[in-house]
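For reference, coords29.tsv is printed below; it contains TSV, C-alpha atoms.
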```tsv
chain	number	residue	atom	x	y	z
A	1082	MET	CA	102.00	51.17	53.53
A	1083	ALA	CA	103.74	48.08	54.90
A	1084	ASP	CA	107.10	49.85	55.27
A	1085	ARG	CA	105.77	52.76	57.34
A	1086	PRO	CA	106.18	51.00	60.73
A	1087	TRP	CA	109.85	50.50	59.86
A	1088	GLN	CA	110.16	54.16	58.88
A	1089	PHE	CA	108.62	55.15	62.21
A	1090	LEU	CA	111.03	52.83	64.04
A	1091	PHE	CA	114.00	54.35	62.19
A	1092	TYR	CA	112.68	57.81	63.09
A	1093	ILE	CA	112.47	56.88	66.79
A	1094	LEU	CA	115.96	55.35	66.70
A	1095	GLY	CA	117.28	58.50	65.02
A	1096	MET	CA	115.74	60.70	67.71
A	1097	ILE	CA	117.26	58.53	70.43
A	1098	ARG	CA	120.66	58.73	68.73
A	1099	THR	CA	120.40	62.52	68.50
A	1100	ILE	CA	119.42	62.86	72.17
A	1101	LEU	CA	122.28	60.57	73.23
A	1102	TYR	CA	124.69	62.53	71.07
A	1103	LEU	CA	123.66	65.85	72.61
A	1104	TRP	CA	123.83	64.38	76.12
A	1105	ILE	CA	127.32	62.98	75.51
A	1106	MET	CA	128.57	66.21	73.93
A	1107	LYS	CA	127.25	68.22	76.91
A	1108	ARG	CA	129.12	65.93	79.30
A	1109	ILE	CA	132.30	66.12	77.18
A	1110	ALA	CA	132.06	69.93	77.13
A	1111	ALA	CA	131.64	69.98	80.89
A	1112	LEU	CA	134.65	67.70	81.34
A	1113	LEU	CA	136.82	69.78	79.02
A	1114	PHE	CA	135.74	72.95	80.83
A	1115	LEU	CA	136.70	71.36	84.15
A	1116	LEU	CA	140.05	70.08	82.91
A	1117	ILE	CA	140.98	73.40	81.32
A	1118	ASN	CA	140.06	75.35	84.42
A	1119	ILE	CA	141.78	72.96	86.83
A	1120	SER	CA	145.07	73.61	85.06
A	1121	LEU	CA	144.45	77.35	85.33
A	1122	ALA	CA	142.63	77.41	88.63
A	1123	ALA	CA	145.15	79.52	90.47
A	1124	GLN	CA	147.31	82.57	90.02
A	1125	VAL	CA	149.63	82.57	87.03
A	1126	SER	CA	151.82	79.66	88.10
A	1127	GLU	CA	153.30	76.40	86.85
A	1128	GLY	CA	150.92	73.93	88.49
A	1129	GLY	CA	152.10	70.59	89.78
A	1130	LEU	CA	152.11	69.08	93.27
A	1131	PRO	CA	154.42	69.72	96.22
A	1132	LEU	CA	157.18	67.19	96.92
A	1133	GLY	CA	155.76	66.96	100.43
A	1134	PHE	CA	152.74	65.09	99.06
A	1135	SER	CA	155.01	62.10	98.44
A	1136	LEU	CA	155.87	61.98	102.15
A	1137	ASP	CA	153.76	60.87	105.08
A	1138	HIS	CA	151.10	63.43	105.94
A	1139	ASP	CA	152.35	64.17	109.44
A	1140	PRO	CA	152.01	67.78	110.71
A	1141	GLU	CA	154.35	66.84	113.58
A	1142	LYS	CA	157.27	66.84	111.13
A	1143	TYR	CA	157.18	70.61	110.65
A	1144	PRO	CA	156.39	73.55	112.96
A	1145	GLY	CA	153.04	75.27	113.06
A	1146	ILE	CA	151.94	78.75	114.12
A	1147	ALA	CA	148.51	79.04	115.74
A	1148	LEU	CA	147.05	82.55	115.61
A	1149	ALA	CA	144.43	83.78	118.07
A	1150	PRO	CA	141.14	84.29	116.18
A	1151	PRO	CA	139.42	87.68	116.22
A	1152	ASP	CA	136.05	88.35	117.81
A	1153	VAL	CA	133.79	87.26	114.95
A	1154	ASN	CA	130.58	88.46	116.65
A	1155	ALA	CA	132.07	91.93	117.01
A	1156	MET	CA	132.99	91.93	113.30
A	1157	LEU	CA	129.47	90.94	112.25
A	1158	ASP	CA	127.93	93.54	114.57
A	1159	GLU	CA	130.19	96.20	113.07
A	1160	ASP	CA	129.16	95.13	109.56
A	1161	ASN	CA	125.46	95.34	110.45
A	1162	LYS	CA	125.85	98.88	111.80
A	1163	ALA	CA	127.75	100.22	108.78
A	1164	SER	CA	125.73	102.96	107.07
A	1165	GLN	CA	128.10	103.92	104.26
A	1166	PRO	CA	128.08	102.17	100.85
A	1167	LEU	CA	130.92	99.88	101.87
A	1168	PRO	CA	131.91	96.78	99.91
A	1169	TYR	CA	131.07	93.38	101.35
A	1170	ARG	CA	133.56	92.60	104.13
A	1171	ILE	CA	134.48	88.96	104.62
A	1172	GLY	CA	137.67	89.02	106.70
A	1173	VAL	CA	139.86	90.90	109.13
A	1174	GLY	CA	143.65	91.03	109.29
A	1175	ILE	CA	145.89	89.62	112.01
A	1176	PRO	CA	149.28	91.42	112.09
A	1177	VAL	CA	152.17	88.92	112.13
A	1178	ASP	CA	155.88	88.68	111.42
A	1179	ILE	CA	156.34	85.24	109.85
A	1180	ARG	CA	159.53	84.38	107.99
A	1181	LEU	CA	159.45	81.00	106.27
A	1182	ALA	CA	163.23	80.56	106.16
A	1183	GLU	CA	163.57	81.19	109.91
A	1184	GLN	CA	160.45	79.54	111.31
A	1185	GLY	CA	159.96	76.66	108.90
A	1186	ALA	CA	161.70	73.27	109.04
A	1187	TRP	CA	163.71	71.51	106.32
A	1188	SER	CA	163.14	67.84	105.42
A	1189	GLN	CA	164.68	65.53	102.87
A	1190	ALA	CA	162.32	64.44	100.08
A	1191	GLY	CA	164.19	61.32	98.98
A	1192	ARG	CA	166.32	61.78	95.88
A	1193	GLN	CA	164.18	64.67	94.63
A	1194	GLY	CA	165.63	67.33	96.90
A	1195	ARG	CA	164.74	69.17	100.10
A	1196	ILE	CA	161.54	70.80	101.29
A	1197	LEU	CA	160.90	73.64	103.74
A	1198	ARG	CA	157.48	73.63	105.45
A	1199	LEU	CA	155.54	75.76	107.90
A	1200	GLY	CA	151.93	75.45	109.05
A	1201	ILE	CA	149.65	78.42	109.88
A	1202	SER	CA	146.25	78.09	111.51
A	1203	SER	CA	143.58	80.12	113.27
A	1204	LYS	CA	140.72	78.24	114.86
A	1205	GLY	CA	137.30	78.63	113.29
A	1206	ALA	CA	138.39	80.52	110.15
A	1207	GLN	CA	136.35	79.90	107.01
A	1208	ALA	CA	139.49	80.70	105.02
A	1209	LEU	CA	142.90	82.32	105.40
A	1210	VAL	CA	144.59	84.87	103.12
A	1211	LEU	CA	148.34	85.57	103.24
A	1212	TYR	CA	149.81	89.01	102.57
A	1213	TYR	CA	153.57	89.30	102.02
A	1214	ARG	CA	155.99	92.20	102.46
A	1215	ARG	CA	158.67	90.13	100.77
A	1216	PHE	CA	158.14	87.40	98.19
A	1217	SER	CA	161.33	86.20	96.51
A	1218	ILE	CA	161.85	82.65	95.24
A	1219	PRO	CA	165.32	81.50	94.08
A	1220	GLU	CA	165.82	80.41	90.47
A	1221	GLY	CA	164.83	76.76	90.20
A	1222	GLY	CA	162.83	76.68	93.46
A	1223	LYS	CA	159.08	76.17	93.76
A	1224	LEU	CA	156.63	77.44	96.37
A	1225	PHE	CA	153.24	75.93	97.17
A	1226	ILE	CA	150.47	76.92	99.58
A	1227	TYR	CA	147.87	74.28	100.36
A	1228	SER	CA	145.05	73.56	102.78
A	1229	ALA	CA	145.71	71.38	105.80
A	1230	ASP	CA	143.58	68.61	104.23
A	1231	ARG	CA	145.52	68.95	100.91
A	1232	LYS	CA	142.30	69.43	98.92
A	1233	GLN	CA	143.31	72.90	97.68
A	1234	VAL	CA	146.75	73.64	96.23
A	1235	LEU	CA	148.15	76.95	94.97
A	1236	GLY	CA	151.36	76.99	92.92
A	1237	ALA	CA	153.93	76.22	91.90
A	1238	PHE	CA	155.15	79.80	92.28
A	1239	THR	CA	158.62	80.35	90.90
A	1240	SER	CA	161.11	83.18	90.42
A	1241	ARG	CA	158.91	84.38	87.56
A	1242	ASN	CA	156.27	85.33	90.15
A	1243	ASN	CA	158.63	87.55	92.17
A	1244	PRO	CA	156.99	91.00	92.30
A	1245	SER	CA	159.07	94.05	91.54
A	1246	GLY	CA	157.95	95.86	94.68
A	1247	GLY	CA	158.20	92.98	97.12
A	1248	TYR	CA	154.57	93.07	98.27
A	1249	PHE	CA	152.39	90.17	97.14
A	1250	ALA	CA	149.25	88.19	97.98
A	1251	THR	CA	148.02	84.70	97.27
A	1252	GLU	CA	144.48	83.42	96.93
A	1253	MET	CA	142.48	82.49	99.99
A	1254	ILE	CA	142.86	78.96	101.28
A	1255	TYR	CA	139.60	77.47	102.55
A	1256	GLY	CA	139.53	76.14	106.10
A	1257	ASP	CA	141.30	77.25	109.25
A	1258	GLY	CA	144.72	75.79	108.48
A	1259	LEU	CA	147.27	75.86	105.67
A	1260	VAL	CA	150.81	74.82	104.86
A	1261	ILE	CA	153.51	76.82	103.07
A	1262	GLU	CA	156.00	74.56	101.33
A	1263	TYR	CA	159.15	75.50	99.45
A	1264	ASP	CA	160.68	72.77	97.27
A	1265	ALA	CA	164.39	72.96	96.50
A	1266	PRO	CA	165.41	70.36	93.89
A	1267	ASN	CA	168.93	68.96	94.13
A	1268	GLY	CA	171.49	71.61	93.27
A	1269	ILE	CA	169.35	74.54	94.48
A	1270	THR	CA	171.02	76.02	97.54
A	1271	GLY	CA	169.44	79.47	97.99
A	1272	GLU	CA	166.71	80.06	100.53
A	1273	PRO	CA	163.42	81.79	99.74
A	1274	GLU	CA	162.53	85.15	101.25
A	1275	ILE	CA	158.90	84.67	102.15
A	1276	ASP	CA	157.96	87.23	104.80
A	1277	ILE	CA	154.28	87.46	105.80
A	1278	TYR	CA	153.09	90.59	107.63
A	1279	GLN	CA	149.33	89.96	107.72
A	1280	VAL	CA	147.16	86.85	107.82
A	1281	HIS	CA	143.54	87.70	107.08
A	1282	TYR	CA	140.94	85.67	108.92
A	1283	VAL	CA	137.86	85.11	106.74
A	1284	TYR	CA	134.89	84.94	109.08
A	1285	ARG	CA	132.09	84.63	106.54
A	1286	ASP	CA	131.22	81.27	104.97
A	1287	ILE	CA	132.17	82.13	101.40
A	1288	SER	CA	132.78	78.52	100.31
A	1289	GLY	CA	129.05	78.14	99.61
A	1290	SER	CA	128.30	81.73	98.56
A	1291	LEU	CA	127.66	80.67	94.98
A	1292	VAL	CA	124.16	79.49	95.85
A	1293	GLY	CA	122.89	81.92	98.43
A	1294	GLU	CA	123.66	85.63	98.28
A	1295	SER	CA	122.25	86.90	94.97
A	1296	GLY	CA	118.80	88.37	94.59
A	1297	PRO	CA	116.07	86.66	92.51
A	1298	CYS	CA	116.54	89.13	89.66
A	1299	GLU	CA	120.13	87.96	89.20
A	1300	VAL	CA	120.64	84.66	87.39
A	1301	ASN	CA	123.75	82.79	86.32
A	1302	VAL	CA	125.43	84.44	83.36
A	1303	ASN	CA	125.10	81.27	81.28
A	1304	CYS	CA	121.32	81.22	81.58
A	1305	PRO	CA	119.32	82.18	78.45
A	1306	GLU	CA	119.37	85.84	79.59
A	1307	GLY	CA	123.14	85.85	79.00
A	1308	ALA	CA	123.12	84.28	75.54
A	1309	SER	CA	123.71	87.62	73.78
A	1310	TRP	CA	126.37	88.75	76.27
A	1311	GLN	CA	128.92	85.94	76.10
A	1312	ASN	CA	131.69	88.29	74.95
A	1313	GLU	CA	131.01	91.05	77.46
A	1314	LYS	CA	130.87	88.63	80.40
A	1315	ARG	CA	134.55	87.81	79.86
A	1316	SER	CA	135.50	91.35	80.90
A	1317	VAL	CA	134.03	90.97	84.39
A	1318	ALA	CA	136.20	90.01	87.38
A	1319	LYS	CA	135.55	89.32	91.03
A	1320	ILE	CA	137.91	91.33	93.27
A	1321	VAL	CA	139.21	90.15	96.62
A	1322	LEU	CA	140.54	93.45	97.90
A	1323	LYS	CA	142.61	94.51	100.86
A	1324	ALA	CA	142.08	97.83	102.63
A	1325	GLY	CA	144.16	98.10	105.77
A	1326	LEU	CA	143.15	95.21	108.02
A	1327	GLY	CA	139.97	94.41	106.08
A	1328	THR	CA	139.25	91.92	103.30
A	1329	TYR	CA	136.37	92.80	100.99
A	1330	LEU	CA	134.64	91.59	97.82
A	1331	CYS	CA	133.83	93.73	94.78
A	1332	THR	CA	133.41	93.54	91.01
A	1333	GLY	CA	135.18	95.27	88.13
A	1334	SER	CA	135.37	95.11	84.35
A	1335	LEU	CA	138.21	95.31	81.86
A	1336	VAL	CA	137.75	98.35	79.60
A	1337	ASN	CA	139.23	99.03	76.21
A	1338	ASN	CA	141.14	102.14	75.13
A	1339	THR	CA	141.21	103.98	71.83
A	1340	ARG	CA	144.50	102.31	70.87
A	1341	GLN	CA	142.89	98.90	71.47
A	1342	ASP	CA	146.23	97.50	72.63
A	1343	SER	CA	144.93	95.30	75.47
A	1344	THR	CA	146.29	97.53	78.23
A	1345	PRO	CA	144.73	95.92	81.35
A	1346	TYR	CA	142.59	98.83	82.58
A	1347	LEU	CA	139.89	97.76	85.02
A	1348	LEU	CA	136.92	99.91	86.02
A	1349	THR	CA	135.32	99.43	89.42
A	1350	ALA	CA	133.62	101.59	92.08
A	1351	ARG	CA	135.28	104.19	94.27
A	1352	HIS	CA	133.67	102.72	97.36
A	1353	CYS	CA	135.55	99.48	96.67
A	1354	GLY	CA	138.55	100.02	98.90
A	1355	ALA	CA	138.07	103.74	99.40
A	1356	THR	CA	140.72	103.69	102.17
A	1357	ALA	CA	143.14	101.33	100.40
A	1358	SER	CA	146.80	102.37	100.31
A	1359	LEU	CA	149.13	102.05	97.32
A	1360	THR	CA	150.56	98.93	98.97
A	1361	ASP	CA	147.06	97.50	99.39
A	1362	TYR	CA	146.31	97.95	95.68
A	1363	SER	CA	149.42	95.95	94.81
A	1364	GLN	CA	147.91	93.00	96.72
A	1365	TRP	CA	144.40	92.94	95.28
A	1366	VAL	CA	143.50	89.62	93.64
A	1367	PHE	CA	141.31	89.58	90.51
A	1368	HIS	CA	139.33	86.44	89.62
A	1369	PHE	CA	138.33	86.03	85.97
A	1370	ASN	CA	135.93	83.39	84.56
A	1371	TYR	CA	134.43	82.66	87.98
A	1372	GLU	CA	131.08	81.35	86.75
A	1373	GLY	CA	128.84	78.31	86.48
A	1374	LEU	CA	129.00	76.33	83.25
A	1375	TRP	CA	125.22	76.09	82.88
A	1376	CYS	CA	122.15	77.95	84.08
A	1377	GLU	CA	121.92	75.70	87.16
A	1378	ASN	CA	124.18	76.37	90.13
A	1379	PRO	CA	127.16	74.00	90.12
A	1380	PRO	CA	127.51	71.50	92.99
A	1381	GLU	CA	130.68	73.21	94.24
A	1382	ASN	CA	132.67	76.40	93.73
A	1383	PRO	CA	133.97	76.54	90.14
A	1384	PRO	CA	137.63	77.41	89.49
A	1385	SER	CA	138.77	80.82	88.27
A	1386	ASN	CA	141.81	82.45	86.68
A	1387	THR	CA	143.51	85.05	88.84
A	1388	ILE	CA	145.99	87.90	88.71
A	1389	THR	CA	147.53	89.72	91.67
A	1390	GLY	CA	148.32	93.41	91.85
A	1391	SER	CA	147.12	96.75	90.52
A	1392	SER	CA	147.75	100.47	90.75
A	1393	LEU	CA	145.27	103.32	91.08
A	1394	LEU	CA	145.01	105.64	88.06
A	1395	ALA	CA	141.94	107.75	88.81
A	1396	GLU	CA	138.85	107.87	91.02
A	1397	ALA	CA	135.98	110.13	91.96
A	1398	PRO	CA	137.00	112.90	94.39
A	1399	ASP	CA	136.74	112.12	98.08
A	1400	GLY	CA	133.34	113.05	99.48
A	1401	THR	CA	131.68	113.32	96.07
A	1402	VAL	CA	128.14	111.93	96.01
A	1403	ALA	CA	126.70	113.68	92.98
A	1404	GLY	CA	129.16	112.29	90.43
A	1405	SER	CA	130.09	108.85	89.24
A	1406	ASP	CA	131.17	106.32	91.87
A	1407	PHE	CA	134.14	105.21	89.76
A	1408	LYS	CA	137.70	103.98	90.17
A	1409	LEU	CA	140.09	103.14	87.33
A	1410	LEU	CA	142.89	100.64	87.96
A	1411	LEU	CA	145.81	99.34	85.94
A	1412	LEU	CA	146.43	95.66	86.60
A	1413	GLY	CA	149.97	94.64	87.40
A	1414	GLN	CA	150.43	92.47	84.31
A	1415	LYS	CA	148.96	91.71	80.92
A	1416	ILE	CA	146.00	89.33	81.00
A	1417	PRO	CA	147.22	85.92	79.76
A	1418	ASP	CA	145.67	84.87	76.46
A	1419	GLN	CA	144.51	81.59	77.97
A	1420	TYR	CA	142.19	83.59	80.26
A	1421	ASN	CA	140.29	84.59	77.09
A	1422	PRO	CA	139.82	88.22	78.22
A	1423	TYR	CA	137.43	90.70	76.63
A	1424	PHE	CA	137.86	94.46	76.89
A	1425	ALA	CA	134.47	96.14	77.22
A	1426	GLY	CA	133.62	99.16	75.12
A	1427	TRP	CA	132.35	102.50	76.38
A	1428	SER	CA	130.61	105.60	75.07
A	1429	ARG	CA	130.64	109.32	75.89
A	1430	SER	CA	127.04	109.68	74.78
A	1431	GLU	CA	124.80	111.48	77.27
A	1432	THR	CA	121.69	109.68	76.00
A	1433	PRO	CA	120.51	107.20	78.68
A	1434	SER	CA	120.62	103.56	77.70
A	1435	PRO	CA	117.03	102.37	77.04
A	1436	SER	CA	117.75	98.75	77.97
A	1437	GLY	CA	120.61	96.41	78.74
A	1438	VAL	CA	122.12	94.18	81.40
A	1439	GLY	CA	124.29	94.29	84.47
A	1440	ILE	CA	126.90	91.56	84.97
A	1441	HIS	CA	128.70	91.28	88.30
A	1442	HIS	CA	129.58	89.14	91.34
A	1443	PRO	CA	127.06	90.13	94.06
A	1444	LYS	CA	128.63	89.46	97.47
A	1445	GLY	CA	131.26	87.30	95.80
A	1446	ASP	CA	128.73	85.00	94.15
A	1447	ILE	CA	129.53	83.34	90.83
A	1448	LYS	CA	128.98	85.63	87.84
A	1449	LYS	CA	125.37	86.83	87.55
A	1450	ILE	CA	123.37	88.79	85.00
A	1451	SER	CA	120.25	90.91	85.39
A	1452	THR	CA	118.34	92.84	82.74
A	1453	TYR	CA	116.58	96.21	82.53
A	1454	THR	CA	114.08	97.39	79.93
A	1455	ILE	CA	113.47	101.03	80.89
A	1456	PRO	CA	115.85	103.96	80.31
A	1457	LEU	CA	118.48	104.57	82.96
A	1458	VAL	CA	118.29	107.59	85.24
A	1459	SER	CA	120.96	109.44	87.20
A	1460	THR	CA	120.83	109.30	90.98
A	1461	LEU	CA	123.01	109.68	94.06
A	1462	TYR	CA	124.93	106.64	95.15
```
Go ahead and render the structure in this file as structure tokens.
Amino acid sequence: MADRPWQFLFYILGMIRTILYLWIMKRIAALLFLLINISLAAQVSEGGLPLGFSLDHDPEKYPGIALAPPDVNAMLDEDNKASQPLPYRIGVGIPVDIRLAEQGAWSQAGRQGRILRLGISSKGAQALVLYYRRFSIPEGGKLFIYSADRKQVLGAFTSRNNPSGGYFATEMIYGDGLVIEYDAPNGITGEPEIDIYQVHYVYRDISGSLVGESGPCEVNVNCPEGASWQNEKRSVAKIVLKAGLGTYLCTGSLVNNTRQDSTPYLLTARHCGATASLTDYSQWVFHFNYEGLWCENPPENPPSNTITGSSLLAEAPDGTVAGSDFKLLLLGQKIPDQYNPYFAGWSRSETPSPSGVGIHHPKGDIKKISTYTIPLVSTLY
């Protein structure tokens, strides 16, 4: 009996060791998740930092274009009066004719080469989105877009990102000012063709949308409700879509085909960009893996992996309300393996599903899941 207190002490010490081990492993997993996603937190690009970051942060050294902001109250009033099943609008376009090579200014970046910079701002914007009619980077050059405070950096974009059709889009930059920077290492003499024809002014505060817009029946996809759906969740993408002079948010899912060859088909709703043109589709941006790591909301917006461009394959007929509100897209490129994509299955069965889940990005929120336990019914959308 005399050794039992020691056995109890060893038991307590073992429990403490196990708890510490689990706590440390959780923190390591979170750190690895953050590091992996930081390196992939933009469109398919090379990463790195602009040469301009090694110079003094002085906006006076390069020109800036200040755009007149739209009437935000009028936009919100228009949104409130909309009666159709429109997607969630977050921004409105400002037509421009901005040519980086003509309106930017060159500077010497020491022995590393030259840089071409141009600032763009619009007072009061929650974010800015750039849409290009021409996007061509010379071999060996690098393009970056970053916020005025340098906290958000997109790039490096290189000649490998040059779209075949010319039209392109980059992710939104938070805040009301950004800088476009082209870095030309020594020996690179060509100039980039970066022509912007629309700057979209984001008037909704989407930087904090991860904690506010979803309903109480929708929880983070990594809560216990999502434990059995960790494969399927990887098919779901947030869409930042362009339709004319509007910027909207929607959700779509990668779907498999009978050949199972990873063709990047994405299924979404017809009402998502119902008026979008073929050019608009080529500038849609798709965000994969935009989710919280745990069940709790993260302290700030998590990173995501993005792809730009798509084409329309099929959709419900115009004016149809009795059929499926569907739209099938083909993404502009194969999903990179490092995005860990999953292609959702489908069935032609006419038997209603008795239970299941819905996984989506309500109003651009981080990925959410909600469950149902009664058979589905058909209705008008």
Nearest to A:His1281, restricted to all atoms listed in the file and choosing among A:Tyr1248, A:Tyr1263, A:Trp1427, A:Tyr1212, comes out as A:Tyr1212
TODO: Kindly give the distance, in Å, that separates atom CA of A:Phe1424 and atom CA of A:Thr1389, rounded to a single decimal.
DONE: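 Computing it gives 18.3 Å between the two atoms.
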A:Asn1301 proximity check over A:Tyr1362, A:Tyr1255, A:Tyr1371, A:Tyr1346, using all atoms listed in the file: winner is A:Tyr1371
Do you have the atom CA of A:Leu1130-atom CA of A:Gly1236 distance handy?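 We find that atom CA of A:Leu1130 and atom CA of A:Gly1236 lie 8.0 Å from each other.
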Item checked: Contacts of A:Lys1223 at 12 Å (all atoms listed in the file; same-chain gap of 6+ positions) as a ChimeraX atom specification -> /A:1126-1133,1194-1197,1217,1235-1243,1261-1266,1269,1271-1273,1275
Closest of A:His1138, A:Lys1232, A:Lys1449, A:Lys1314 to A:Asn1421, counting all atoms listed in the file, is A:Lys1314
Between atom CA of A:Ala1147 and atom CA of A:Leu1322, what is the distance in Å, rounded to a tenth?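 If I compute the distance from atom CA of A:Ala1147 to atom CA of A:Leu1322, I get 24.3 Å.
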Would you give me, as JSON lines, each residue of stretch 1249-1319 of chain A having an atom within 6 Å of an atom of stretch 1172-1185 of chain A, along with its shortest atom pair and that distance in Å to one decimal, using all atoms listed in the file and sorting by chain and residue number?
```
{"residue": "A:Ile1275", "atom": "CA", "partner": "A:Leu1181", "partner_atom": "CA", "distance": 5.5}
{"residue": "A:Asp1276", "atom": "CA", "partner": "A:Arg1180", "partner_atom": "CA", "distance": 4.6}
{"residue": "A:Ile1277", "atom": "CA", "partner": "A:Ile1179", "partner_atom": "CA", "distance": 5.1}
{"residue": "A:Tyr1278", "atom": "CA", "partner": "A:Val1177", "partner_atom": "CA", "distance": 4.9}
{"residue": "A:Gln1279", "atom": "CA", "partner": "A:Pro1176", "partner_atom": "CA", "distance": 4.6}
{"residue": "A:Val1280", "atom": "CA", "partner": "A:Ile1175", "partner_atom": "CA", "distance": 5.2}
{"residue": "A:His1281", "atom": "CA", "partner": "A:Gly1174", "partner_atom": "CA", "distance": 4.0}
{"residue": "A:Tyr1282", "atom": "CA", "partner": "A:Gly1172", "partner_atom": "CA", "distance": 5.2}
{"residue": "A:Val1283", "atom": "CA", "partner": "A:Gly1172", "partner_atom": "CA", "distance": 3.9}
{"residue": "A:Tyr1284", "atom": "CA", "partner": "A:Gly1172", "partner_atom": "CA", "distance": 5.5}
```
List the spatial neighbours of A:Gly1258 as a PyMOL selection string - criterion: any atom at most 6 Å away, only C-alpha atoms, same-chain residues fewer than 3 positions off excluded. chain A and resi 1201-1202+1229
Rank A:Gly1437, A:Pro1443, A:Gly1426, A:Pro1244 by their smallest atom-to-atom distance to A:Asn1338, using all atoms listed in the file, and report the top residue only.
->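 The answer is A:Gly1426, which sits nearest to A:Asn1338.
Ranking A:Lys1323, A:Arg1315, A:His1442, A:Arg1340 by their shortest atom-to-atom distance to A:Asp1418, with only C-alpha atoms included, puts A:Arg1315 first.
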**Given only C-alpha atoms as the counted atoms, nearest of A:Lys1448, A:Arg1231, A:His1352, A:Arg1192 to A:Cys1376** =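 Nearest to A:Cys1376: A:Lys1448.
Once all atoms listed in the file are considered, the residues situated within 10 Å of the file point (141.1, 110.3, 97.1) turn out to be Arg1351, Ala1355, Thr1356, Ala1357, Ala1395, Glu1396, Ala1397, Pro1398, Asp1399, Gly1400, Thr1401 and Lys1408 of chain A.
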Next, the residues of the selection above should be written as a PDB file, keeping the file's coordinate frame with C-alpha atoms.
```pdb
ATOM      1  CA  ARG A1351     135.280 104.190  94.270  1.00  0.00           C
ATOM      2  CA  ALA A1355     138.070 103.740  99.400  1.00  0.00           C
ATOM      3  CA  THR A1356     140.720 103.690 102.170  1.00  0.00           C
ATOM      4  CA  ALA A1357     143.140 101.330 100.400  1.00  0.00           C
ATOM      5  CA  ALA A1395     141.940 107.750  88.810  1.00  0.00           C
ATOM      6  CA  GLU A1396     138.850 107.870  91.020  1.00  0.00           C
ATOM      7  CA  ALA A1397     135.980 110.130  91.960  1.00  0.00           C
ATOM      8  CA  PRO A1398     137.000 112.900  94.390  1.00  0.00           C
ATOM      9  CA  ASP A1399     136.740 112.120  98.080  1.00  0.00           C
ATOM     10  CA  GLY A1400     133.340 113.050  99.480  1.00  0.00           C
ATOM     11  CA  THR A1401     131.680 113.320  96.070  1.00  0.00           C
ATOM     12  CA  LYS A1408     137.700 103.980  90.170  1.00  0.00           C
TER      13      LYS A1408
END
```
Contact residues around A:Gln1364 with all atoms listed in the file at 10 Å, ignoring same-chain residues under 3 positions, as an MDAnalysis selection string = chainID A and resid 1211:1214 1248:1251 1321:1324 1359:1361 1367 1388:1392 1413
